[in-house]
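Student: Just dropping this structure here.
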Amino acid sequence: MTPKEVLALAKAKDIKIVDLKFCDIHGTWQHFAIPTNELTEGIFTEGLGFDGSSIRGWKGIEASDMLVIPDPNTAFVDPFTKYATLSLICDVEDPLTREPYDRDPRGIAKKAEAYLKTTDAGDTCFCGPEAEFFIFDDVRFGGASNNAFYSVDSNEGIWNTGKEEFPSLGYKIRHKEGYLPVSPNDKLVDIRNEMILTMMELGIDIEREHHEVATAGQAEIDIRFSSLLKCADKMCIYKYVVKNVAYKHGKSATFMPKPLFGDNGSGMHTHISLWKGGKPTFHGDGYAGLSKNALYFIGGLLKHCPAICAISNPTNNSYKRLVPGFEAPVNLAYSARNRSAICRIPTYSPSPKAKRVEFRCPDPAANPYLAFSALLLAGLDGIKNKIDPGSPMDKNLYDLEPEEAALIKTVPESLKGALDALEADHAFLLKGNVFTKDFLDNYIGLKKAEYDAVRLRPHPHEFHMYYDV
């Protein structure tokens, strides 16, 4: 879509407001709006100013002026506003140099795509995320120097079997039995369907939706794969739709990886493949029908996985999900069909076009622009340096004998461990100036502050364990 076509769309839809959205380092959309009479072809090149010092982890107040540059290809009519609103996803530039801002996640994804084109490995990276989330009926949390608490609730929650609901009708989902039940156990069918129909209206192709394994409203909606930048844009729209549809129905959706103790957390398994000249490059005559480059790509993912985790699993809460022996894959191994390996090769289809690697570690708290870019760069490093992924592991990695399990490396056990890995192993991210040293230093500093914010606070369960010592 051209700027002229965006203006025509605004006129045809009788748009009153234009909303300018951009993504911060943490993966959260920010926005400001202008009346439609301010929408001109010029803003698509000249941009509009805003205060970058008010965005977490961006400019200092002494250099706060920044520009958003709307991308006309991202225009969509917002389905959640009272007044007719056209939304545009924006890039961020420095107003003095007119260079892309190196802390803008969307700009990093664009550089990752450009860098791929300079290699022999391919010209297009396709990503297909499977994001999971929870839909709750009630959410409360708080804390001070002398207290801390959280509480989430759902009318599906197994803990509510004894609750007086006037009347209580049963049909609660037991822990770890939420995968694919029908109604009345699954009480969120209509809400999930409204979510996917809204996404489809906004141009997002949907593959499926269903209840997920955990009790209390865990859900999954899978979008069809698309090129890296487009997929990251779609994931931002995806989260926006999920949260707003839930809110419309008096519920709250969260992409927090592990909101419940003792049940499955939410992941974002990400399928990734490289194409060149319109043809898939991961199909071959190697293990599981993979090409040499696909195996080298896996080698890069396995080698750099601890560092990638700082970006693909970027919260303290992420590591409540990544626990050995539980549902999330933590073993640095690859296998066909095997969901206990961190790199899985799906075998649903024999078509060369379907050949891909599923990286099962990420969670939906990740910034999609950063996570997809990091995965691509790790894989390209594997191809460039012909990193051998070793032998596949075609067995349940959760049932290995202790001696065998000890030989397999795992993901870091904490956000601190992942950040330490990123500090030690980040040269692959600097290739093509995709990530910069400034970005990574700033990112690590922000995330270390998050780690300390949790580390320094007493945990409620510590009182249960230690108060009477």
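Every chain in the structure tokens takes a letter, A first, then B, and so on in the order presented; its residues are numbered from 1, and the ligands are numbered from 1 following the presented order.
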With a distance cut-off of 12 Å and only C-alpha atoms, select the neighbouring residues of A:Ala424, excluding the residue or stretch itself and same-chain residues fewer than 2 positions from it, and output the selection as a VMD selection string.

Tutor: chain A and resid 304 306 to 308 310 417 to 422 426 to 429 440 to 441 444

Student: Excluding A:Ala33 and residues on its chain fewer than 4 positions from it, collect all residues at most 7 Å away from it, counting only C-alpha atoms, and give them as a list in words.

Tutor: Ile17, Val18, Asp19 and Leu20 of chain A

Student: Report the distance between atom CA of A:Asp78 and atom CA of A:Ser53 in Å, rounded to one decimal place.

Tutor: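 Value for the atom CA of A:Asp78-atom CA of A:Ser53 distance: 27.1 Å.
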
Student: Please, which residues of stretch 58-285 of chain A, numbered as in this document, come out strand (DSSP E) from DSSP, as a PyMOL selection string?

Tutor: chain A and resi 65-70+76-77+85-93+124-136+138-144+147-153+206-211+218-223+226-227+252-254+268-276+279-280

Student: Which distance in Å separates atom CA of A:Ile108 and atom CA of A:Lys447, to one decimal?

Tutor: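 About the pair atom CA of A:Ile108 and atom CA of A:Lys447: they are 18.4 Å apart.
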
Student: Here is a test: counting only C-alpha atoms, which residue of A:Glu130, A:Glu404, A:Glu327, A:Glu358 is nearest to A:Arg344?

Tutor: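 Smallest separation from A:Arg344 among the options: A:Glu358.
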
Student: Take atom CA of A:Leu407 and atom CA of A:Cys361 and report the distance between them in Å, one decimal.

Tutor: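 Distance between the two atoms: 19.3 Å.
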
Student: Find the spatial neighbours of A:Phe133, counting only C-alpha atoms, within a cut-off of 9 Å - ignore same-chain residues fewer than 4 positions away - and output them as a list of chain:residue names.

Tutor: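 Near A:Phe133, the qualifying residues are A:Glu212, A:Gly217, A:Gln218, A:Ala219, A:Glu220, A:Ile221, A:Val242, A:Ala253, A:Thr254, A:Phe255, A:Met256, A:Pro257, A:Gly265, A:Ser266, A:Gly267, A:Pro364.
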
Student: With a cut-off of 12 Å, could you pull out the residues of stretch 267-362 of chain A touching stretch 372-395 of chain A and give me the nearest pair of atoms for each, distance in Å to one decimal, using only C-alpha atoms, ordered by chain and ascending number, as a Markdown table?

Tutor:
```
| residue | atom | partner | partner_atom | distance |
| --- | --- | --- | --- | --- |
| A:Met268 | CA | A:Phe372 | CA | 11.3 |
| A:His269 | CA | A:Phe372 | CA | 11.3 |
| A:Thr270 | CA | A:Phe372 | CA | 8.3 |
| A:His271 | CA | A:Phe372 | CA | 9.8 |
| A:Ile272 | CA | A:Leu376 | CA | 8.2 |
| A:Ser273 | CA | A:Leu376 | CA | 8.9 |
| A:Leu274 | CA | A:Leu376 | CA | 8.9 |
| A:Thr281 | CA | A:Ile383 | CA | 11.7 |
| A:Phe282 | CA | A:Ile383 | CA | 11.4 |
| A:Gly286 | CA | A:Pro392 | CA | 11.5 |
| A:Tyr287 | CA | A:Pro392 | CA | 8.3 |
| A:Ala288 | CA | A:Pro392 | CA | 9.7 |
| A:Ser291 | CA | A:Ile383 | CA | 11.0 |
| A:Lys292 | CA | A:Ile383 | CA | 8.5 |
| A:Asn293 | CA | A:Ile383 | CA | 5.7 |
| A:Ala294 | CA | A:Ile383 | CA | 7.9 |
| A:Leu295 | CA | A:Pro389 | CA | 6.6 |
| A:Tyr296 | CA | A:Ile383 | CA | 4.8 |
| A:Phe297 | CA | A:Gly379 | CA | 4.0 |
| A:Ile298 | CA | A:Pro389 | CA | 6.1 |
| A:Gly299 | CA | A:Pro389 | CA | 4.0 |
| A:Gly300 | CA | A:Gly382 | CA | 3.7 |
| A:Leu301 | CA | A:Ala378 | CA | 5.4 |
| A:Leu302 | CA | A:Pro389 | CA | 7.0 |
| A:Lys303 | CA | A:Ala378 | CA | 8.1 |
| A:His304 | CA | A:Ala378 | CA | 6.3 |
| A:Cys305 | CA | A:Ala378 | CA | 8.2 |
| A:Pro306 | CA | A:Ala378 | CA | 11.1 |
| A:Ala307 | CA | A:Ala374 | CA | 9.3 |
| A:Ile308 | CA | A:Ala374 | CA | 6.4 |
| A:Cys309 | CA | A:Ala374 | CA | 9.5 |
| A:Ala310 | CA | A:Ala374 | CA | 10.1 |
| A:Ile311 | CA | A:Ala374 | CA | 7.5 |
| A:Ser312 | CA | A:Ala374 | CA | 8.1 |
| A:Asn313 | CA | A:Ala374 | CA | 11.7 |
| A:Asn331 | CA | A:Met393 | CA | 10.0 |
| A:Leu332 | CA | A:Pro389 | CA | 9.6 |
| A:Ala333 | CA | A:Met393 | CA | 6.4 |
| A:Tyr334 | CA | A:Pro392 | CA | 5.3 |
| A:Ser335 | CA | A:Pro392 | CA | 5.2 |
| A:Ala336 | CA | A:Asp394 | CA | 7.1 |
| A:Arg337 | CA | A:Asp394 | CA | 8.4 |
| A:Asn338 | CA | A:Asp394 | CA | 6.6 |
| A:Arg339 | CA | A:Lys395 | CA | 9.8 |
| A:Ser340 | CA | A:Lys395 | CA | 8.4 |
| A:Ala341 | CA | A:Met393 | CA | 7.5 |
| A:Ile342 | CA | A:Met393 | CA | 10.5 |
| A:Cys343 | CA | A:Pro392 | CA | 9.7 |
| A:Arg344 | CA | A:Pro392 | CA | 9.8 |
| A:Ile345 | CA | A:Pro392 | CA | 10.5 |
| A:Val357 | CA | A:Gly379 | CA | 10.3 |
| A:Glu358 | CA | A:Leu375 | CA | 10.9 |
| A:Phe359 | CA | A:Leu375 | CA | 8.6 |
| A:Arg360 | CA | A:Leu375 | CA | 11.5 |
| A:Cys361 | CA | A:Leu375 | CA | 10.9 |
| A:Pro362 | CA | A:Phe372 | CA | 9.8 |
```

Student: I'd like the neighbourhood of A:Arg98 as a list in words, where a residue qualifies if any of its atoms comes within 12 Å (using only C-alpha atoms), though same-chain residues fewer than 3 positions away should be ignored.

Tutor: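 That gives Thr45, Glu46, Gly47, Asp65, Met66, Leu67, Val68, Ile69, Asp91, Val92, Glu93, Asp94, Pro95, Tyr101 and Asp102 of chain A.
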
Student: Under the rule that only C-alpha atoms are counted, which of A:Pro314, A:Pro412, A:Gly107, A:Pro167 is the nearest residue to A:Leu446?

Tutor: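 When distances to A:Leu446 are compared using only C-alpha atoms, the smallest one comes from A:Pro314.
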
Student: Can you pull out the residues contacting A:Ile55? Cut-off 9 Å, using only C-alpha atoms, and skip same-chain residues under 4 positions away; I want them as a list in words.

Tutor: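 Within the cut-off, the hits are Asp24, Ile25, Gln30, Asp51 and Lys59 of chain A.
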
Student: Which residue is closest to A:Asp363? Choose from A:Ala131, A:Leu180, A:Lys416, A:Val245 and count only C-alpha atoms.

Tutor: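 Closest to A:Asp363, using only C-alpha atoms: A:Ala131.
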
Student: Quick one: of A:Glu5, A:Asp71, A:Glu403, A:Glu450, who's nearest to A:Asn316, counting only C-alpha atoms?

Tutor: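 Once distances to A:Asn316 are computed over only C-alpha atoms, the minimum belongs to A:Glu450.
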
Student: Counting only C-alpha atoms, which residues in stretch 95-155 of chain A sit no more than 12 Å from stretch 223-226 of chain A? For each one, give the nearest pair of atoms and the distance in Å, sorted by chain then residue number, as CSV.

Tutor:
```
residue,atom,partner,partner_atom,distance
A:Thr124,CA,A:Ser226,CA,9.5
A:Cys125,CA,A:Ser226,CA,8.2
A:Phe126,CA,A:Ser226,CA,5.2
A:Cys127,CA,A:Phe225,CA,5.2
A:Gly128,CA,A:Phe225,CA,4.0
A:Pro129,CA,A:Ile223,CA,6.8
A:Glu130,CA,A:Ile223,CA,7.0
A:Ala131,CA,A:Ile223,CA,8.6
A:Glu132,CA,A:Ile223,CA,11.5
```
